[in-house]
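Notes to accompany the following structure.
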Amino acid sequence: MLLYWDGQYDAAIEEYNKVLNLEDDFWYAYWMRGLAYEEKNQYRKSAADQRQAIQHFPGDSPLLIRLTRP
């Protein structure tokens with residue numbers, strides 16, 4: 001997360017990939033990797049990761065519910 005907030009998006013994506021290789025249902029890693037892809041204007045990858053985050057989120061979140069409904 002620190003790499004993302006420092007603007008090191010490529011390095012952040014690499015770290016999120018490592019996390020997801022260890023635990024492929026960790027919603028937060030998908031969410032943050034999606035944000036990093038968005039910063040790099042890779043919108044398809046960003047959207048795919050955001051969908052994965054929503055799918056793996058444990059429980060209800062008003063933010064995530066709002067993102068899935070028009």
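Following the order of the structure tokens, chains are lettered A, B, ..., residues in each are numbered from 1, and ligands are numbered from 1.
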
* May I have all residues of chain A that DSSP, computed from the backbone, assigns to helix (DSSP H, G or I), given as a PyMOL selection string? => chain A and resi 2-5+9-22+27-39+43-56+62-68

* **Who sits within 9 Å of range 20-29 of chain A, only C-alpha atoms, same chain under 4 positions skipped, as an MDAnalysis selection string** => chainID A and resid 1 15:16 33:34 49:50 52:58

* **Surrounding residues of Tyr4 in chain A excluding itself and chain neighbours under 6 positions, 8 Å, only C-alpha atoms, as a list of chain:residue names** =>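 The residues that qualify are A:Ala11, A:Ala12, A:Met32, A:Ala36.
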